[in-house]
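Printed here is data14.pdb (PDB, C-alpha atoms and all ligand atoms):
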```pdb
ATOM      1  CA  MET A   1     164.374-196.010 -50.857
ATOM      2  CA  PHE A   2     162.428-192.750 -50.578
ATOM      3  CA  VAL A   3     160.661-190.977 -47.744
ATOM      4  CA  ASP A   4     157.515-188.932 -48.192
ATOM      5  CA  LEU A   5     158.147-185.443 -46.848
ATOM      6  CA  ASN A   6     155.285-183.482 -45.239
ATOM      7  CA  ASN A   7     154.536-181.605 -48.485
ATOM      8  CA  GLY A   8     154.282-184.820 -50.534
ATOM      9  CA  PHE A   9     157.758-184.434 -52.044
ATOM     10  CA  CYS A  10     159.582-187.794 -52.129
ATOM     11  CA  TYR A  11     163.252-187.611 -51.156
ATOM     12  CA  PRO A  12     165.913-190.350 -51.032
ATOM     13  CA  GLN A  13     166.204-191.646 -47.460
ATOM     14  CA  MET A  14     169.966-192.025 -47.762
ATOM     15  CA  GLY A  15     172.332-189.609 -49.473
ATOM     16  CA  ALA A  16     176.004-188.732 -49.451
ATOM     17  CA  GLY A  17     177.594-186.033 -47.310
ATOM     18  CA  THR A  18     180.247-184.027 -49.131
ATOM     19  CA  PHE A  19     182.108-181.898 -46.596
ATOM     20  CA  PRO A  20     185.056-181.139 -47.066
ATOM     21  CA  LEU A  21     185.405-182.660 -50.531
ATOM     22  CA  LYS A  22     186.135-180.527 -53.566
ATOM     23  CA  GLY A  23     187.474-180.913 -57.093
ATOM     24  CA  TYR A  24     188.439-184.307 -58.420
ATOM     25  CA  SER A  25     188.083-186.062 -55.060
ATOM     26  CA  LEU A  26     184.465-184.841 -54.835
ATOM     27  CA  LEU A  27     183.693-185.915 -58.421
ATOM     28  CA  LYS A  28     185.185-189.350 -57.700
ATOM     29  CA  ALA A  29     183.144-189.684 -54.503
ATOM     30  CA  MET A  30     179.951-188.674 -56.338
ATOM     31  CA  TYR A  31     180.676-191.243 -59.038
ATOM     32  CA  TYR A  32     181.336-194.046 -56.519
ATOM     33  CA  ALA A  33     178.205-193.100 -54.599
ATOM     34  CA  TYR A  34     176.076-193.096 -57.752
ATOM     35  CA  LYS A  35     177.525-196.457 -58.825
ATOM     36  CA  ASN A  36     176.397-197.809 -55.455
ATOM     37  CA  GLY A  37     172.832-196.530 -55.745
ATOM     38  CA  CYS A  38     173.133-193.043 -54.243
ATOM     39  CA  ILE A  39     171.189-190.301 -56.052
ATOM     40  CA  SER A  40     171.286-187.561 -53.447
ATOM     41  CA  PHE A  41     174.065-185.240 -52.272
ATOM     42  CA  ASP A  42     174.305-182.805 -49.393
ATOM     43  CA  THR A  43     176.191-179.543 -49.723
ATOM     44  CA  SER A  44     176.282-175.957 -48.426
ATOM     45  CA  PRO A  45     177.853-172.651 -49.462
ATOM     46  CA  ALA A  46     179.956-173.107 -46.306
ATOM     47  CA  TYR A  47     181.571-176.237 -47.840
ATOM     48  CA  GLY A  48     182.852-174.231 -50.820
ATOM     49  CA  ASN A  49     181.986-177.070 -53.200
ATOM     50  CA  GLU A  50     178.629-176.161 -54.780
ATOM     51  CA  ARG A  51     180.260-175.519 -58.169
ATOM     52  CA  TRP A  52     181.808-178.981 -58.077
ATOM     53  CA  ILE A  53     178.525-180.543 -56.987
ATOM     54  CA  GLY A  54     176.883-178.884 -60.010
ATOM     55  CA  ILE A  55     179.560-180.334 -62.293
ATOM     56  CA  GLY A  56     179.221-183.742 -60.625
ATOM     57  CA  VAL A  57     175.457-183.795 -61.182
ATOM     58  CA  LYS A  58     175.963-182.990 -64.880
ATOM     59  CA  VAL A  59     178.556-185.770 -65.189
ATOM     60  CA  LEU A  60     176.215-188.293 -63.524
ATOM     61  CA  LYS A  61     173.429-187.269 -65.902
ATOM     62  CA  LEU A  62     175.765-187.792 -68.865
ATOM     63  CA  LEU A  63     176.422-191.245 -67.429
ATOM     64  CA  GLY A  64     172.683-191.970 -67.488
ATOM     65  CA  ALA A  65     171.372-190.755 -64.121
ATOM     66  CA  LYS A  66     167.734-189.757 -64.596
ATOM     67  CA  ARG A  67     167.348-187.792 -61.404
ATOM     68  CA  ILE A  68     169.868-186.533 -58.867
ATOM     69  CA  TYR A  69     168.684-184.732 -55.732
ATOM     70  CA  VAL A  70     170.704-181.932 -54.146
ATOM     71  CA  THR A  71     170.332-180.421 -50.702
ATOM     72  CA  THR A  72     171.982-177.087 -50.048
ATOM     73  CA  LYS A  73     171.751-174.626 -47.205
ATOM     74  CA  LEU A  74     171.358-171.030 -46.140
ATOM     75  CA  SER A  75     174.716-170.133 -44.571
ATOM     76  CA  ASN A  76     175.235-168.306 -41.301
ATOM     77  CA  SER A  77     176.949-165.414 -43.062
ATOM     78  CA  ALA A  78     173.912-164.853 -45.305
ATOM     79  CA  GLN A  79     171.671-165.092 -42.241
ATOM     80  CA  ARG A  80     173.805-162.410 -40.551
ATOM     81  CA  SER A  81     173.681-160.122 -43.593
ATOM     82  CA  GLY A  82     169.942-160.743 -44.042
ATOM     83  CA  ASP A  83     170.374-161.454 -47.755
ATOM     84  CA  VAL A  84     168.585-164.801 -47.886
ATOM     85  CA  ARG A  85     167.368-164.329 -51.447
ATOM     86  CA  GLY A  86     170.787-163.189 -52.665
ATOM     87  CA  GLU A  87     172.488-166.252 -51.262
ATOM     88  CA  PHE A  88     169.817-168.594 -52.594
ATOM     89  CA  ASN A  89     170.353-167.132 -56.065
ATOM     90  CA  SER A  90     174.131-167.506 -55.691
ATOM     91  CA  SER A  91     173.661-171.186 -54.788
ATOM     92  CA  LEU A  92     171.495-171.675 -57.895
ATOM     93  CA  LYS A  93     174.217-170.068 -59.981
ATOM     94  CA  ARG A  94     177.069-172.075 -58.463
ATOM     95  CA  LEU A  95     175.119-175.333 -58.815
ATOM     96  CA  GLY A  96     174.050-174.411 -62.374
ATOM     97  CA  VAL A  97     170.348-175.031 -61.680
ATOM     98  CA  THR A  98     167.114-173.053 -61.479
ATOM     99  CA  TYR A  99     165.632-175.003 -58.577
ATOM    100  CA  ILE A 100     166.894-176.629 -55.366
ATOM    101  CA  ASP A 101     165.407-179.944 -54.241
ATOM    102  CA  LEU A 102     165.860-179.385 -50.526
ATOM    103  CA  TYR A 103     166.886-176.024 -49.057
ATOM    104  CA  LEU A 104     167.849-176.022 -45.369
ATOM    105  CA  MET A 105     168.801-173.326 -42.893
ATOM    106  CA  HIS A 106     172.297-174.334 -41.737
ATOM    107  CA  TRP A 107     172.119-173.147 -38.091
ATOM    108  CA  PRO A 108     169.601-171.378 -35.844
ATOM    109  CA  ASN A 109     171.320-168.054 -35.224
ATOM    110  CA  PRO A 110     169.119-166.785 -32.369
ATOM    111  CA  GLU A 111     169.195-163.231 -33.703
ATOM    112  CA  THR A 112     167.977-164.044 -37.186
ATOM    113  CA  TYR A 113     166.545-167.529 -37.646
ATOM    114  CA  VAL A 114     162.835-166.687 -37.426
ATOM    115  CA  GLU A 115     163.119-163.917 -39.991
ATOM    116  CA  ALA A 116     165.313-166.095 -42.207
ATOM    117  CA  TRP A 117     162.697-168.856 -42.109
ATOM    118  CA  LEU A 118     159.994-166.470 -43.347
ATOM    119  CA  GLU A 119     162.258-165.522 -46.274
ATOM    120  CA  MET A 120     162.840-169.202 -47.057
ATOM    121  CA  GLU A 121     159.072-169.747 -47.066
ATOM    122  CA  LYS A 122     158.744-167.098 -49.813
ATOM    123  CA  ILE A 123     161.349-168.888 -51.947
ATOM    124  CA  TYR A 124     159.501-172.176 -51.459
ATOM    125  CA  LYS A 125     156.086-170.715 -52.217
ATOM    126  CA  GLU A 126     157.425-169.262 -55.468
ATOM    127  CA  GLY A 127     158.328-172.824 -56.477
ATOM    128  CA  HIS A 128     162.111-172.485 -56.375
ATOM    129  CA  ALA A 129     162.599-175.406 -53.945
ATOM    130  CA  GLY A 130     161.029-178.854 -53.670
ATOM    131  CA  ALA A 131     161.020-178.589 -49.886
ATOM    132  CA  ILE A 132     162.520-176.400 -47.167
ATOM    133  CA  GLY A 133     163.804-177.315 -43.758
ATOM    134  CA  VAL A 134     166.326-176.581 -41.062
ATOM    135  CA  CYS A 135     169.466-177.983 -39.481
ATOM    136  CA  ASN A 136     170.672-178.063 -35.901
ATOM    137  CA  PHE A 137     167.283-177.067 -34.490
ATOM    138  CA  HIS A 138     166.357-178.093 -30.960
ATOM    139  CA  GLU A 139     162.689-178.367 -30.007
ATOM    140  CA  HIS A 140     162.637-174.789 -28.680
ATOM    141  CA  HIS A 141     163.917-173.420 -32.009
ATOM    142  CA  LEU A 142     161.202-175.330 -33.855
ATOM    143  CA  ASP A 143     158.569-174.132 -31.378
ATOM    144  CA  LYS A 144     159.565-170.566 -32.081
ATOM    145  CA  ILE A 145     159.336-170.772 -35.865
ATOM    146  CA  LEU A 146     156.137-172.812 -35.719
ATOM    147  CA  GLU A 147     154.500-169.867 -33.930
ATOM    148  CA  VAL A 148     154.782-167.804 -37.125
ATOM    149  CA  ALA A 149     155.433-170.324 -39.898
ATOM    150  CA  THR A 150     152.987-171.002 -42.685
ATOM    151  CA  VAL A 151     155.194-173.851 -43.908
ATOM    152  CA  VAL A 152     156.250-176.571 -41.450
ATOM    153  CA  PRO A 153     159.918-177.518 -42.051
ATOM    154  CA  ALA A 154     160.062-180.784 -43.982
ATOM    155  CA  VAL A 155     163.432-181.828 -42.546
ATOM    156  CA  ASN A 156     165.601-181.122 -39.519
ATOM    157  CA  GLN A 157     169.191-182.188 -40.274
ATOM    158  CA  VAL A 158     170.985-182.767 -36.967
ATOM    159  CA  GLU A 159     173.992-184.562 -35.540
ATOM    160  CA  LEU A 160     172.698-188.028 -34.720
ATOM    161  CA  HIS A 161     174.519-191.292 -34.024
ATOM    162  CA  PRO A 162     174.345-193.984 -31.317
ATOM    163  CA  LEU A 163     176.141-191.744 -28.791
ATOM    164  CA  LEU A 164     173.666-188.905 -29.530
ATOM    165  CA  THR A 165     170.378-190.584 -30.341
ATOM    166  CA  GLN A 166     168.263-187.411 -29.990
ATOM    167  CA  LYS A 167     165.283-189.413 -28.686
ATOM    168  CA  LYS A 168     163.187-186.434 -27.503
ATOM    169  CA  LEU A 169     163.844-184.447 -30.673
ATOM    170  CA  ARG A 170     162.922-187.494 -32.777
ATOM    171  CA  GLU A 171     159.620-187.845 -30.923
ATOM    172  CA  TYR A 172     158.913-184.129 -31.239
ATOM    173  CA  CYS A 173     159.686-184.081 -34.976
ATOM    174  CA  ALA A 174     157.649-187.239 -35.633
ATOM    175  CA  GLU A 175     154.661-185.572 -33.976
ATOM    176  CA  LYS A 176     155.064-182.417 -36.111
ATOM    177  CA  GLY A 177     155.650-184.310 -39.372
ATOM    178  CA  ILE A 178     159.300-183.240 -39.667
ATOM    179  CA  TYR A 179     161.817-185.811 -40.941
ATOM    180  CA  ILE A 180     165.096-186.026 -39.078
ATOM    181  CA  GLN A 181     168.184-186.380 -41.264
ATOM    182  CA  SER A 182     171.248-187.643 -39.397
ATOM    183  CA  TYR A 183     174.528-185.895 -40.074
ATOM    184  CA  SER A 184     177.882-187.150 -38.773
ATOM    185  CA  PRO A 185     176.101-190.535 -38.559
ATOM    186  CA  VAL A 186     179.331-192.398 -37.787
ATOM    187  CA  ALA A 187     180.471-189.527 -35.524
ATOM    188  CA  ARG A 188     183.400-188.974 -37.887
ATOM    189  CA  MET A 189     184.657-192.420 -36.810
ATOM    190  CA  ASP A 190     185.193-191.281 -33.232
ATOM    191  CA  LYS A 191     186.823-194.147 -31.336
ATOM    192  CA  LYS A 192     184.240-193.970 -28.538
ATOM    193  CA  LEU A 193     181.627-194.977 -31.085
ATOM    194  CA  ILE A 194     183.535-197.269 -33.386
ATOM    195  CA  ASP A 195     185.056-199.329 -30.554
ATOM    196  CA  ASN A 196     181.750-199.673 -28.723
ATOM    197  CA  GLU A 197     181.360-203.299 -27.554
ATOM    198  CA  ALA A 198     177.618-203.529 -28.239
ATOM    199  CA  LEU A 199     178.050-202.262 -31.797
ATOM    200  CA  LEU A 200     181.044-204.532 -32.399
ATOM    201  CA  SER A 201     179.060-207.532 -31.209
ATOM    202  CA  ILE A 202     176.056-206.761 -33.481
ATOM    203  CA  ALA A 203     178.441-206.145 -36.391
ATOM    204  CA  ASP A 204     180.139-209.474 -35.699
ATOM    205  CA  LYS A 205     176.791-211.335 -35.666
ATOM    206  CA  TYR A 206     175.889-210.105 -39.189
ATOM    207  CA  GLY A 207     179.419-210.080 -40.624
ATOM    208  CA  LYS A 208     179.060-206.313 -41.216
ATOM    209  CA  SER A 209     181.102-203.276 -40.171
ATOM    210  CA  VAL A 210     180.112-200.932 -37.345
ATOM    211  CA  PRO A 211     179.337-198.112 -39.856
ATOM    212  CA  GLN A 212     176.998-200.501 -41.723
ATOM    213  CA  ILE A 213     175.203-201.385 -38.483
ATOM    214  CA  ILE A 214     174.807-197.704 -37.590
ATOM    215  CA  LEU A 215     173.494-196.811 -41.046
ATOM    216  CA  LYS A 216     171.068-199.749 -40.989
ATOM    217  CA  TRP A 217     169.824-198.594 -37.571
ATOM    218  CA  ASN A 218     169.143-195.168 -39.145
ATOM    219  CA  ILE A 219     167.218-196.678 -42.050
ATOM    220  CA  GLN A 220     165.171-199.066 -39.895
ATOM    221  CA  SER A 221     164.454-196.221 -37.443
ATOM    222  CA  GLY A 222     162.919-194.155 -40.261
ATOM    223  CA  LEU A 223     165.677-191.543 -40.244
ATOM    224  CA  MET A 224     167.182-189.939 -43.315
ATOM    225  CA  VAL A 225     170.985-190.231 -43.279
ATOM    226  CA  ILE A 226     173.988-188.744 -45.110
ATOM    227  CA  PRO A 227     177.350-190.438 -44.378
ATOM    228  CA  LYS A 228     180.419-188.904 -45.996
ATOM    229  CA  SER A 229     183.325-190.844 -47.400
ATOM    230  CA  ALA A 230     185.956-190.061 -49.999
ATOM    231  CA  SER A 231     186.907-193.706 -50.474
ATOM    232  CA  GLY A 232     185.340-195.946 -53.119
ATOM    233  CA  VAL A 233     185.624-198.971 -50.816
ATOM    234  CA  ARG A 234     183.996-197.231 -47.862
ATOM    235  CA  ILE A 235     181.274-195.622 -50.004
ATOM    236  CA  LYS A 236     180.401-199.081 -51.330
ATOM    237  CA  GLU A 237     180.318-200.383 -47.756
ATOM    238  CA  ASN A 238     178.066-197.547 -46.564
ATOM    239  CA  PHE A 239     175.560-198.025 -49.381
ATOM    240  CA  SER A 240     175.503-201.845 -49.129
ATOM    241  CA  LEU A 241     172.879-202.364 -46.479
ATOM    242  CA  GLU A 242     170.720-205.026 -48.107
ATOM    243  CA  GLY A 243     170.380-208.651 -47.034
ATOM    244  CA  PHE A 244     170.148-208.208 -43.279
ATOM    245  CA  SER A 245     167.811-206.621 -40.727
ATOM    246  CA  LEU A 246     168.445-205.631 -37.147
ATOM    247  CA  THR A 247     166.028-207.072 -34.589
ATOM    248  CA  ASP A 248     163.882-204.825 -32.391
ATOM    249  CA  VAL A 249     166.107-205.761 -29.453
ATOM    250  CA  GLU A 250     169.204-204.662 -31.396
ATOM    251  CA  LEU A 251     167.527-201.392 -32.452
ATOM    252  CA  ASN A 252     166.677-200.735 -28.787
ATOM    253  CA  THR A 253     170.183-201.665 -27.680
ATOM    254  CA  ILE A 254     171.630-199.111 -30.102
ATOM    255  CA  ASP A 255     169.106-196.501 -28.946
ATOM    256  CA  SER A 256     170.237-197.110 -25.379
ATOM    257  CA  LEU A 257     173.888-196.233 -26.122
ATOM    258  CA  ASN A 258     173.107-192.516 -25.983
ATOM    259  CA  VAL A 259     175.418-190.419 -23.786
ATOM    260  CA  ASN A 260     174.646-187.028 -25.424
ATOM    261  CA  TYR A 261     178.151-186.982 -26.917
ATOM    262  CA  ARG A 262     178.689-184.516 -29.795
ATOM    263  CA  VAL A 263     181.403-184.209 -32.427
ATOM    264  CA  ARG A 264     179.954-180.873 -33.650
ATOM    265  CA  HIS A 265     178.667-177.765 -31.846
ATOM    266  CA  ASP A 266     175.621-177.816 -29.625
ATOM    267  CA  PRO A 267     173.372-175.252 -31.364
ATOM    268  CA  ASP A 268     172.649-173.649 -27.975
ATOM    269  CA  ASN A 269     176.350-173.013 -27.281
ATOM    270  CA  ALA A 270     177.632-172.181 -30.755
ATOM    271  CA  ASP A 271     179.404-168.848 -31.266
ATOM    272  CA  PHE A 272     177.417-167.387 -34.154
ATOM    273  CA  SER A 273     179.805-164.472 -34.534
ATOM    274  CA  LYS A 274     182.342-167.016 -35.852
ATOM    275  CA  LEU A 275     180.381-170.060 -37.081
TER     276      LEU A 275
HETATM  277  N1  LIG P 301     174.046-179.398 -41.164
HETATM  278  C1  LIG P 301     175.202-179.393 -40.523
HETATM  279  O1  LIG P 301     175.474-178.548 -39.670
HETATM  280  C2  LIG P 301     176.203-180.474 -40.818
HETATM  281  C3  LIG P 301     177.297-180.645 -39.958
HETATM  282  C4  LIG P 301     178.198-181.660 -40.240
HETATM  283  C5  LIG P 301     178.017-182.455 -41.360
HETATM  284  N2  LIG P 301     176.964-182.242 -42.212
HETATM  285  C6  LIG P 301     176.786-183.066 -43.429
HETATM  286  O2  LIG P 301     176.760-184.439 -43.036
HETATM  287  C7  LIG P 301     177.761-185.166 -43.758
HETATM  288  C8  LIG P 301     178.268-186.323 -42.935
HETATM  289  O3  LIG P 301     178.777-185.916 -41.693
HETATM  290  P1  LIG P 301     180.356-185.866 -41.354
HETATM  291  O4  LIG P 301     181.136-185.810 -42.604
HETATM  292  O5  LIG P 301     180.517-184.806 -40.335
HETATM  293  O6  LIG P 301     180.602-187.206 -40.567
HETATM  294  P2  LIG P 301     180.475-188.793 -40.834
HETATM  295  O7  LIG P 301     179.756-189.077 -42.089
HETATM  296  O8  LIG P 301     179.961-189.353 -39.548
HETATM  297  O9  LIG P 301     181.981-189.236 -40.909
HETATM  298  C9  LIG P 301     182.812-188.943 -41.983
HETATM  299  C10 LIG P 301     184.181-189.556 -41.670
HETATM  300  O10 LIG P 301     184.037-190.960 -41.437
HETATM  301  C11 LIG P 301     184.822-191.703 -42.351
HETATM  302  N3  LIG P 301     184.003-192.839 -42.810
HETATM  303  C12 LIG P 301     182.787-192.786 -43.411
HETATM  304  N4  LIG P 301     182.326-194.029 -43.651
HETATM  305  C13 LIG P 301     183.284-194.883 -43.204
HETATM  306  C14 LIG P 301     183.408-196.304 -43.170
HETATM  307  N5  LIG P 301     182.455-197.104 -43.666
HETATM  308  N6  LIG P 301     184.544-196.844 -42.625
HETATM  309  C15 LIG P 301     185.516-196.048 -42.125
HETATM  310  N7  LIG P 301     185.461-194.698 -42.133
HETATM  311  C16 LIG P 301     184.352-194.116 -42.658
HETATM  312  C17 LIG P 301     185.195-190.776 -43.468
HETATM  313  O11 LIG P 301     186.516-191.018 -43.897
HETATM  314  P3  LIG P 301     186.889-191.254 -45.450
HETATM  315  O12 LIG P 301     186.350-190.070 -46.198
HETATM  316  O13 LIG P 301     188.370-191.332 -45.419
HETATM  317  O14 LIG P 301     186.208-192.546 -45.821
HETATM  318  C18 LIG P 301     185.120-189.384 -42.819
HETATM  319  O15 LIG P 301     186.362-189.040 -42.267
HETATM  320  C19 LIG P 301     178.810-184.084 -44.065
HETATM  321  O16 LIG P 301     179.714-184.482 -45.071
HETATM  322  C20 LIG P 301     177.913-182.931 -44.441
HETATM  323  O17 LIG P 301     177.425-183.110 -45.766
HETATM  324  C21 LIG P 301     176.049-181.278 -41.944
END
```

Please re-express this file's structure in structure tokens.
Amino acid sequence: MFVDLNNGFCYPQMGAGTFPLKGYSLLKAMYYAYKNGCISFDTSPAYGNERWIGIGVKVLKLLGAKRIYVTTKLSNSAQRSGDVRGEFNSSLKRLGVTYIDLYLMHWPNPETYVEAWLEMEKIYKEGHAGAIGVCNFHEHHLDKILEVATVVPAVNQVELHPLLTQKKLREYCAEKGIYIQSYSPVARMDKKLIDNEALLSIADKYGKSVPQIILKWNIQSGLMVIPKSASGVRIKENFSLEGFSLTDVELNTIDSLNVNYRVRHDPDNADFSKL
């Protein structure tokens, strides 16, 4: 299933996360994901696996894949150095491509993110990326770039799961035409989430796992989502979401589980001298 981004570019709604996979385990995960219908992969220079992603895409094409979509990101170190173009070109080289489907800013470093966005716009306008977007942006970060932007970010990739439902940000982004893409969608299997009674009871009703219920909630809520797994069995599980639908009541129940619990940094409290 695809979503229509705000520039008309169609992007797979669900893709595979790849951190911290590298080498053979990454290639295996990409193969399992592809075999289960996944044609999109999320990476970043910070994951140190772009070369392997590039190899994986070539392997999948040899196996018959017509189109594989890759998201990569502008790292914090490149934002600090100001060399946005240089890092973009290095990503192209490592991935072995001449174009990036979706190029995202990894974090909003308060010192540099507005300037970095304007550099990303140039790359996009020259046709080197299918779409550009951001990650870990709160509403106030988006407000600030929208004051000067000539391109509205197509995607905001943020931590989002039933314990961090990001309701206000979702409403804000929907109004601005920005797709939210959920990262850490199963909160890295945090026990607080996975043992949640409401989720267990919905999972029991459909004979599905809690991760499947969470991923289905993402899809039915119109969110893009990128679960990561290294296991063939769990990748199959995560990409097998057909044959059942959550009711509106169940979607609302899951939305109501929010406790603003994070497994990653809050962008407003991150130490950008280290991150
Ligand atoms: N933009 C950003 O700042 C940012 C930050 C974090 C992540 N991301 C991206 O988002 C992707 C996903 O987030 P994430 O890796 O942090 O967290 P996640 O997808 O919520 O959780 C990954 C963990 O959950 C396990 N898992 C996945 N599916 C499972 C299932 N069905 N049953 C049991 N265990 C399961 C995996 O273990 P196994 O591998 O052993 O199955 C892995 O340890 C990342 O890989 C990365 O691409 C982006």

Note to self: Just want the 7 Å neighbourhood of Pro162 in chain A, counted on only C-alpha atoms, with same-chain residues fewer than 2 positions away dropped. Output as a PyMOL selection string.
What the structure shows: chain A and resi 164-165+254-255+257-258

Item checked: Contact residues around Asn76 in chain A with all atoms listed in the file at 12 Å, ignoring same-chain residues under 6 positions, as an MDAnalysis selection string -> chainID A and resid 44:46 82:84 87 104:113 116 135 270:275

Check: What do you get as JSON, numbers by chain if you pick all residues at most 7 Å from ligand LIG 301 (chain P), counting only C-alpha atoms and all ligand atoms?
Finding: {"A": [16, 17, 18, 19, 20, 42, 43, 106, 107, 135, 136, 157, 158, 159, 183, 184, 185, 186, 187, 188, 189, 211, 212, 226, 227, 228, 229, 230, 231, 234, 235, 237, 238, 264]}

Item checked: Contact residues around Phe244 in chain A with all atoms listed in the file at 10 Å, ignoring same-chain residues under 6 positions, as JSON, numbers by chain -> {"A": [206, 207, 208, 213, 216]}

Next item on the list: Would you mind listing what lies within 12 Å of Leu142 in chain A as a PyMOL selection string, with all atoms listed in the file counted and same-chain residues fewer than 2 positions away left out?
Entry: chain A and resi 105+107-108+110+113-114+117+133-140+144-149+151-156+169+172-173+176-178

For C-alpha atoms, I'd like the residues from the last selection saved as an mmCIF file, in the frame of the given file.
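Saved result, result_2.cif, follows:
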```
data_model
loop_
_atom_site.group_PDB
_atom_site.id
_atom_site.type_symbol
_atom_site.label_atom_id
_atom_site.label_comp_id
_atom_site.auth_asym_id
_atom_site.auth_seq_id
_atom_site.Cartn_x
_atom_site.Cartn_y
_atom_site.Cartn_z
ATOM 1 C CA MET A 105 168.801 -173.326 -42.893
ATOM 2 C CA TRP A 107 172.119 -173.147 -38.091
ATOM 3 C CA PRO A 108 169.601 -171.378 -35.844
ATOM 4 C CA PRO A 110 169.119 -166.785 -32.369
ATOM 5 C CA TYR A 113 166.545 -167.529 -37.646
ATOM 6 C CA VAL A 114 162.835 -166.687 -37.426
ATOM 7 C CA TRP A 117 162.697 -168.856 -42.109
ATOM 8 C CA GLY A 133 163.804 -177.315 -43.758
ATOM 9 C CA VAL A 134 166.326 -176.581 -41.062
ATOM 10 C CA CYS A 135 169.466 -177.983 -39.481
ATOM 11 C CA ASN A 136 170.672 -178.063 -35.901
ATOM 12 C CA PHE A 137 167.283 -177.067 -34.490
ATOM 13 C CA HIS A 138 166.357 -178.093 -30.960
ATOM 14 C CA GLU A 139 162.689 -178.367 -30.007
ATOM 15 C CA HIS A 140 162.637 -174.789 -28.680
ATOM 16 C CA LYS A 144 159.565 -170.566 -32.081
ATOM 17 C CA ILE A 145 159.336 -170.772 -35.865
ATOM 18 C CA LEU A 146 156.137 -172.812 -35.719
ATOM 19 C CA GLU A 147 154.500 -169.867 -33.930
ATOM 20 C CA VAL A 148 154.782 -167.804 -37.125
ATOM 21 C CA ALA A 149 155.433 -170.324 -39.898
ATOM 22 C CA VAL A 151 155.194 -173.851 -43.908
ATOM 23 C CA VAL A 152 156.250 -176.571 -41.450
ATOM 24 C CA PRO A 153 159.918 -177.518 -42.051
ATOM 25 C CA ALA A 154 160.062 -180.784 -43.982
ATOM 26 C CA VAL A 155 163.432 -181.828 -42.546
ATOM 27 C CA ASN A 156 165.601 -181.122 -39.519
ATOM 28 C CA LEU A 169 163.844 -184.447 -30.673
ATOM 29 C CA TYR A 172 158.913 -184.129 -31.239
ATOM 30 C CA CYS A 173 159.686 -184.081 -34.976
ATOM 31 C CA LYS A 176 155.064 -182.417 -36.111
ATOM 32 C CA GLY A 177 155.650 -184.310 -39.372
ATOM 33 C CA ILE A 178 159.300 -183.240 -39.667
#
```

Item checked: Using all atoms listed in the file: which of A:Glu171, A:Gly54, A:Ser182, A:Leu102 has the shortest distance to Asn218 in chain A ->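 The closest residue to Asn218 in chain A is A:Ser182.
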
Checklist line | Shortest interatomic distance to Ser245 in chain A - which of A:Lys167, A:Lys191, A:His265, A:Lys205, counting only C-alpha atoms | finding: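 Closest to Ser245 in chain A of all the choices is A:Lys205.
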
Notebook entry, point to check: For Gly86 in chain A, which of A:Ile123, A:Val225, A:Met30, A:Met1 is the closest residue, counting only C-alpha atoms?
Noted result: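 Among the listed residues, the smallest separation from Gly86 in chain A belongs to A:Ile123.
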
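Considering the residues A:Ser25, A:Ser201, A:Thr98, A:Asn36 and counting only C-alpha atoms, Ser240 in chain A has its shortest atom-to-atom contact with A:Asn36.
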
Margin query: Under the PyMOL selection byres (((chain A and resi 103) around 9) and not hetatm), which residues of this model are included? Write them out as a ChimeraX atom specification.
Written below: /A:70-74,88,100-102,104-105,120,124,129-134

Next item on the list: Select, from A:Val3, A:Arg80, A:Leu95, A:Thr253, the residue with the minimum atom-to-atom distance to Glu115 in chain A, counting only C-alpha atoms.
Entry: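 With only C-alpha atoms as the atom set, the closest residue is A:Arg80.
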
Note to self: Assuming the chain letters and numbering stay as they are in my file, what does the PyMOL selection byres (((chain A and resi 199) around 9) and not hetatm) actually select? List them as a ChimeraX atom specification.
What the structure shows: /A:193-198,200-204,209-210,213-214,253-254

Checklist line | Closest of A:Val259, A:Ile39, A:Leu163, A:Met224 to Gly64 in chain A - atom-to-atom distances counting only C-alpha atoms | finding: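 Closest to Gly64 in chain A of all the choices is A:Ile39.
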
Next item on the list: Go ahead and compute the interatomic distance for CA of Gly15 in chain A and CA of Cys38 in chain A, in Å to one decimal.
Entry: 5.9 Å

Let me have the centre and edge lengths of the axis-aligned box enclosing all listed atoms of range 99-107 of chain A with 4 Å padding on every side, in Å to one decimal, as AutoDock Vina command-line options.
```
--center_x 168.9 --center_y -176.5 --center_z -48.3 --size_x 14.9 --size_y 14.8 --size_z 28.5
```

Next item on the list: Tell me which protein, DNA and RNA residues are within 7 Å of Trp52 in chain A, counting all atoms listed in the file, leaving out same-chain ones fewer than 4 positions away, and put them as a ChimeraX atom specification.
Entry: /A:22-23,56

Note to self: One number please: CA of Ile219 in chain A to CA of Met14 in chain A, in Å, one decimal.
What the structure shows: 7.9 Å

Next item on the list: For CA of Ser90 in chain A and CA of Leu21 in chain A, quote the distance in Å rounded to one decimal.
Entry: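 Calculated distance between CA of Ser90 in chain A and CA of Leu21 in chain A is 19.6 Å.
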
Can you fill out range 233-237 of chain A with N, CA and C atoms and hand it back as a compact mmCIF listing (two decimals), in the coordinates of the input?
```
# COMPACT_ATOMS: atom_id res chain seq x y z
N VAL A 233 185.90 -197.75 -51.60
CA VAL A 233 185.62 -198.97 -50.82
C VAL A 233 184.63 -198.67 -49.70
N ARG A 234 184.87 -197.55 -49.00
CA ARG A 234 184.00 -197.23 -47.86
C ARG A 234 182.62 -196.73 -48.32
N ILE A 235 182.58 -196.05 -49.47
CA ILE A 235 181.27 -195.62 -50.00
C ILE A 235 180.46 -196.87 -50.36
N LYS A 236 181.10 -197.83 -50.98
CA LYS A 236 180.40 -199.08 -51.33
C LYS A 236 179.87 -199.75 -50.05
N GLU A 237 180.72 -199.79 -49.04
CA GLU A 237 180.32 -200.38 -47.76
C GLU A 237 179.09 -199.65 -47.18
```
